[in-house]
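Visitor: Next up is a structure, given as structure tokens.
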Amino acid sequence: MEVMKNNRTLYDKIWDDHLIHSENDTSLIYIDRHLVHEVTSPQAFEGLRESGRKVHAPNKTIAVPDHNVATTSNRLTNFGSEEGRIQLETLDKNARDFGIHYYPVDDIRQGIVHIIGPEQGWTLPGMTIVCGDSHTATHGAFGALAHGIGTSEVEHVLATQTLIQQKSKNMRVEVAGVLGNGVTAKDITLTIIGKTGTAGGTGHVIEYCGSAIESLSMEGRMTVCNMAIEGGARAGLIAPDKKTIEYVRGRPHSPKGENWDKAVEFWKTLFSDPGAKFDKEFFLKAEDIAPVVTWGTSPEDVLPINDFVPSPDDFQGSKVEAAKRSLEYMGLRPGQRLQDIKVDAVFIGSCTNGRIEDLREVEKIVKGKKVKSGIRAMVVPGSGLVKKQAEEEGIASSLKEAGFDWRMPGCSMCLAMNPDQLLPEERCAATSNRNFEGRQGRGGRTHLMSPAMAAAAAITGRLTDVRDI
Amino acid sequence: MEKFNTLDGIAAPMPLINIDTDMLIPKQFLKTIKRTGLGENLFFEMRYDQNGNEIKDFVLNREHYKNASIIVGGANFGCGSSREHAPWALKDFGIKCIISISFADIFFNNCFKNGILPIIVSEEIHQNLMKDAEVERTSYMKIDLKNQKIIRNNEDQVDFEVDEFKKYCLLNGLDDIGLTLQKSDKIRGFEKEYSNKFSWA
């Protein structure tokens, strides 16, 4: 029985298409793509073996090592740690034993799972996509319902190609207007989190819309959706449009021939109906967004770059204590000018900002300039193909000339599982997504920002307004 | 999975908001390919100094709270990374229940898959339970999942909500893969229709 409803949100539509069964508030939904990496999957494969189960749909399951891989050129023989080596070997064995798609570390297509999914055309509009990684939200940029799951759920999806879910609420975030000079997708997504808080989206799926979102490239849209999780949401979504379809066209695993036409026809129906109901709405004017940085240890600790370090007294309730703790950890004083904060390291990369467009932004700022002496600046392309393209476009040589360390692809210093880590009290301008205590190395101090802002910090050696460069 | 019925235990107070899964279990412990043995590294950076010695004033290092099986935690508990190593570490340490005002979505689900009960309470109740937990004498609580009650040391009873299906799985210690596989025919049927309609997917 098909009921035609004309007041559904984009999330409602995708949900309905994948709903197998529902009982009370608990639903079983079908999963189109399951992305797997080395850190959150070994225990799930072990579970399958112990219970004699198989992978239900190996052709919809894609594995790649990314979190734990070294980013040095000798990484095929030097793993950084013995445990790391075992974990990579385990993924290799599991991928081969269970017959799933696999991009090993020596394959040019290897990279961060959320970068290669779209790059290879696995990520398509209207799909359900899961991965044992919270930044799966990235794929929402294509109008796919994509979110992170735990390892028990990884095992569940491997065994059944389904997930037990409760439907989330709908939240709409509109960003209207024209972005100012130097303001990027990263500034949009950080500003939203700064205003709605890290629990602002809890229990919801966010749909981002409005002219400023539409104006973004697919890369920019991925940056916005990537951090939906930092805003507490299960997933972020952007309705597909011409840009989406053009991005997807001709990718290795995107539909071909008659299937392509059929798919495009369907993708054009993926939008929230005019009468759709949202449980929560948030509106932001693009003109009110400035280049921003984080000052604390929560992604909601966001301020425009021309602002000052806040005082715990500026907050209320339990945030007072949290702010005190953050300032102490970050080694900052209330009232300090953000632009006076000196950095020791710069990290450009991650599933938030490790795509070609991000590297082009960095090149624009640093070309013909030098990284300030004493600063450790590294660029980790999001995938082997991003790296190759950047080398072909001459970006790699400009960055190397400027003094950046040009690395092999992986998650690297975003979560610092491999040897790429900050030292205690080392301060880093980072294009990644989390500034938690110890995230980039015990005692390390992270300031989140856009690639352009991180590039500017590399040149001046302090947090810098990119508009002044 | 171990059944969860009632729990009598010590509640440890952790009022800090936004306790993230990096705090619960830092990345260097994610290299394991096992689910076990993570308890000693729970809250690693808050619990041990750079030389590996216990930091005395951290709550779970205090003699009384070393035996805690409940945490009363600050809002947005478990935010950040999806790592199930966080509930594995909690469980291995002996924590079976976490009470907060709000939880991050993925962590909340991960708890149930590991026999840990996350309970959401109002701010007012949260304050009272936090005060209970802060004093050793009153830090004993009883959790009754079947009747959905927290019984405080002063005998006060607090009701809480829990999703029916999740409650059923916890009470019976059920592995939900087995439950889903009972619906295999439904899944196959769905797949057939689905692949006709979405031939490209």
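Identifiers for the structure tokens are assigned positionally: chains receive A, B, ... in sequence, residues are indexed from 1 per chain, and ligands are indexed from 1 in the order shown.
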With only C-alpha atoms counted and 7 Å as the cut-off, give the residues of chain A in contact with chain B, each with its shortest interatomic distance in Å and the pair that gives it, as a Markdown table.
Guide:
| residue | atom | partner | partner_atom | distance |
| --- | --- | --- | --- | --- |
| A:Ile20 | CA | B:Phe190 | CA | 6.3 |
| A:Thr26 | CA | B:Phe165 | CA | 7.0 |
| A:Asp32 | CA | B:Ala201 | CA | 6.8 |
| A:Val39 | CA | B:Leu30 | CA | 6.5 |
| A:Thr40 | CA | B:Arg83 | CA | 6.7 |
| A:Pro42 | CA | B:Ile33 | CA | 5.3 |
| A:Gln43 | CA | B:Ile33 | CA | 6.0 |
| A:Glu83 | CA | B:Lys31 | CA | 5.8 |
| A:Gly84 | CA | B:Lys31 | CA | 5.8 |
| A:Gln87 | CA | B:Lys31 | CA | 6.4 |
| A:Gly132 | CA | B:Ser82 | CA | 6.6 |
| A:Asp133 | CA | B:Ser82 | CA | 5.4 |
| A:Ser134 | CA | B:Ser82 | CA | 5.0 |
| A:Gly148 | CA | B:Ser82 | CA | 6.3 |
| A:Ile149 | CA | B:Ile106 | CA | 6.2 |
| A:Gly150 | CA | B:Glu84 | CA | 5.3 |
| A:Thr151 | CA | B:Glu84 | CA | 5.9 |
| A:Ser152 | CA | B:Lys113 | CA | 6.6 |
| A:His156 | CA | B:Ile177 | CA | 5.5 |
| A:Thr160 | CA | B:Leu181 | CA | 6.9 |
| A:Ala199 | CA | B:Asn76 | CA | 6.2 |
| A:Thr202 | CA | B:Ala104 | CA | 6.8 |
| A:Gly203 | CA | B:Asp105 | CA | 6.9 |
| A:Glu230 | CA | B:Gly80 | CA | 6.8 |
| A:Gly232 | CA | B:Ala104 | CA | 6.5 |
| A:Arg234 | CA | B:Asp105 | CA | 6.6 |
| A:Pro255 | CA | B:Trp200 | CA | 5.6 |
| A:Asn259 | CA | B:Trp200 | CA | 5.6 |
| A:Ala263 | CA | B:Trp200 | CA | 6.7 |
| A:Ser318 | CA | B:Ile17 | CA | 6.7 |
| A:Ala322 | CA | B:Leu16 | CA | 6.5 |
| A:Met417 | CA | B:Lys27 | CA | 5.5 |
| A:Arg439 | CA | B:Asp22 | CA | 6.6 |
Visitor: DSSP on the backbone, alpha helix (DSSP H) only: what residues of region 266-413 of chain A does that give? Format it as a CSV table (one decimal) with C-alpha atoms, in the first residue's frame.
Guide:
chain,number,residue,atom,x,y,z
A,266,PHE,CA,14.1,9.8,-8.6
A,267,TRP,CA,16.7,12.1,-7.0
A,318,SER,CA,27.3,24.0,34.6
A,319,LYS,CA,29.0,25.8,31.7
A,320,VAL,CA,30.8,28.0,34.2
A,321,GLU,CA,32.8,25.1,35.6
A,322,ALA,CA,33.3,23.7,32.1
A,323,ALA,CA,34.6,27.0,30.8
A,324,LYS,CA,37.0,27.3,33.8
A,325,ARG,CA,38.4,23.9,33.1
A,326,SER,CA,38.6,24.6,29.3
A,327,LEU,CA,40.6,27.9,29.9
A,328,GLU,CA,43.0,26.2,32.2
A,329,TYR,CA,43.5,23.3,29.8
A,330,MET,CA,43.9,25.6,26.9
A,350,SER,CA,40.5,15.2,8.1
A,351,CYS,CA,37.1,14.2,6.8
A,352,THR,CA,35.9,17.7,7.6
A,353,ASN,CA,38.5,19.5,5.4
A,356,ILE,CA,40.8,19.1,-3.0
A,357,GLU,CA,38.9,22.4,-2.6
A,358,ASP,CA,40.3,22.7,1.0
A,359,LEU,CA,43.8,22.3,-0.3
A,360,ARG,CA,43.1,24.9,-3.0
A,361,GLU,CA,42.0,27.4,-0.3
A,362,VAL,CA,45.2,26.8,1.6
A,363,GLU,CA,47.3,27.3,-1.5
A,364,LYS,CA,45.6,30.6,-2.2
A,365,ILE,CA,46.7,31.9,1.2
A,366,VAL,CA,50.2,30.5,1.3
A,384,GLY,CA,45.3,9.1,-2.5
A,385,LEU,CA,43.3,10.6,-5.3
A,386,VAL,CA,43.0,14.0,-3.6
A,387,LYS,CA,46.8,13.8,-3.1
A,388,LYS,CA,47.4,13.0,-6.7
A,389,GLN,CA,45.1,15.8,-8.0
A,390,ALA,CA,46.8,18.3,-5.7
A,391,GLU,CA,50.2,17.2,-7.0
A,392,GLU,CA,49.0,17.6,-10.6
A,395,ILE,CA,49.2,22.7,-5.0
A,396,ALA,CA,51.6,20.2,-3.4
A,397,SER,CA,54.7,22.0,-4.7
A,398,SER,CA,53.4,25.4,-3.5
A,399,LEU,CA,52.7,24.0,-0.1
A,400,LYS,CA,56.0,22.2,0.2
A,401,GLU,CA,57.8,25.4,-0.9
A,402,ALA,CA,56.0,27.3,1.8
Visitor: Hey, which of A:Val293, A:Val64, A:Val55, A:Leu216 ends up closest to Ile341 (chain A)? Count only C-alpha atoms.
Guide: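 Among the listed residues, the smallest separation from Ile341 (chain A) belongs to A:Val293.
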Visitor: Find the residues near Lys167 (chain B): any atom within 9 Å, counting only C-alpha atoms, skip ones fewer than 5 places away on the same chain, and give them as a compact mmCIF listing (two decimals) with N, CA and C atoms, in the first residue's frame.
Guide:
# COMPACT_ATOMS: atom_id res chain seq x y z
N PHE B 4 20.00 -7.44 32.71
CA PHE B 4 19.96 -6.32 33.67
C PHE B 4 18.58 -6.35 34.33
N PHE B 112 23.11 0.33 25.65
CA PHE B 112 22.11 -0.75 25.70
C PHE B 112 22.64 -2.04 25.11
N LEU B 117 22.65 0.52 31.41
CA LEU B 117 21.40 1.28 31.35
C LEU B 117 21.67 2.77 31.49
N LEU B 145 14.89 -1.81 37.03
CA LEU B 145 14.55 -1.60 35.62
C LEU B 145 13.12 -2.03 35.32
N LYS B 146 12.73 -3.18 35.88
CA LYS B 146 11.40 -3.71 35.58
C LYS B 146 10.32 -2.67 35.94
N VAL B 162 11.95 4.46 29.83
CA VAL B 162 12.89 3.70 29.00
C VAL B 162 12.10 3.08 27.85
N ASN B 172 16.12 -9.28 29.39
CA ASN B 172 16.30 -10.67 28.98
C ASN B 172 17.70 -10.98 28.44
Visitor: Would you pick out the contacts of Val69 (chain A) at 10 Å or less, using only C-alpha atoms, so that residues sharing its chain but fewer than 4 positions from it are not included, and give the list as a PyMOL selection string?
Guide: chain A and resi 38+65+75-76+78-80+84-85+87-88+105+111+408-412+417-419
Visitor: Let me make sure I understand: among A:Thr136, A:Thr184, A:Asn226, A:Thr460, which one has the smallest atom-to-atom distance to Ala212 (chain A) if we use only C-alpha atoms?
Guide: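 Ranked by minimum distance to Ala212 (chain A), first place goes to A:Thr184.
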Visitor: In terms of the shortest atom-to-atom distance over only C-alpha atoms, which of B:His126, B:Lys192, B:Lys3, B:His64 is closest to Leu174 (chain B)?
Guide: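 Among the listed residues, B:Lys3 lies closest to Leu174 (chain B).
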Visitor: To one decimal place, how far is CA of Lys91 (chain B) from CA of Pro13 (chain B) in Å?
Guide: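 Atom-to-atom, CA of Lys91 (chain B) to CA of Pro13 (chain B), that is 17.0 Å.
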Visitor: Could you pull out all residues of chain B with a DSSP call of strand (DSSP E) and give them as a PyMOL selection string?
Guide: chain B and resi 6-14+68-73+97-100+117-120+140-144+149-151+157-159
Visitor: Identify, on the basis of only C-alpha atoms, every residue whose closest approach to region 272-275 of chain A does not exceed 9 Å; exclude the query and any residue fewer than 5 positions from it along the same chain; express the result as a ChimeraX atom specification.
Guide: /A:6-13,207,239
Visitor: Write the residues you've just listed into a file as a compact mmCIF listing (two decimals), in the first residue's frame, and include C-alpha atoms for each of them.
Guide:
# COMPACT_ATOMS: atom_id res chain seq x y z
CA ASN A 6 2.73 15.72 0.33
CA ASN A 7 3.92 17.05 3.66
CA ARG A 8 6.99 14.96 4.27
CA THR A 9 10.49 16.18 5.02
CA LEU A 10 13.45 14.86 3.08
CA TYR A 11 14.32 12.74 6.12
CA ASP A 12 10.76 11.35 6.24
CA LYS A 13 10.98 10.36 2.57
CA GLU A 207 18.25 19.48 7.18
CA ALA A 239 18.60 18.19 -0.57
Visitor: Hey, can you check how far CA of Val248 (chain A) sits from CA of Ser211 (chain A)?
Guide: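 Value for the CA of Val248 (chain A)-CA of Ser211 (chain A) distance: 21.4 Å.
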Visitor: For Ala454 (chain A), which of A:Gly182, A:Gly236, A:Gly194, A:Gly201 is the closest residue, counting only C-alpha atoms?
Guide: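 When distances to Ala454 (chain A) are compared using only C-alpha atoms, the smallest one comes from A:Gly182.
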Visitor: What gap, in Å, lies between CA of Glu63 (chain B) and CA of Met141 (chain B)?
Guide: 17.6 Å
Visitor: Show me, as a list in words, the residues that have an atom within 10 Å of Ile348 (chain A) when counting only C-alpha atoms, minus same-chain residues fewer than 6 positions from it.
Guide: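 Close residues of Ile348 (chain A): Gly354, Asp358, Leu359, Val362, Ala377, Met378, Val379, Val380, Pro381, Gly382, Phe404, Trp406, Ser412, Met413, Cys414, Ala429, Ala430, Thr431, Ser432, Met449, Ser450, Pro451, Ala452, Ala454 and Ala455 of chain A.
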Visitor: Determine the nearest neighbour of Leu158 (chain A) from the options A:Ser215, A:Val36, A:Leu270, A:Lys256, counting only C-alpha atoms.
Guide: A:Val36
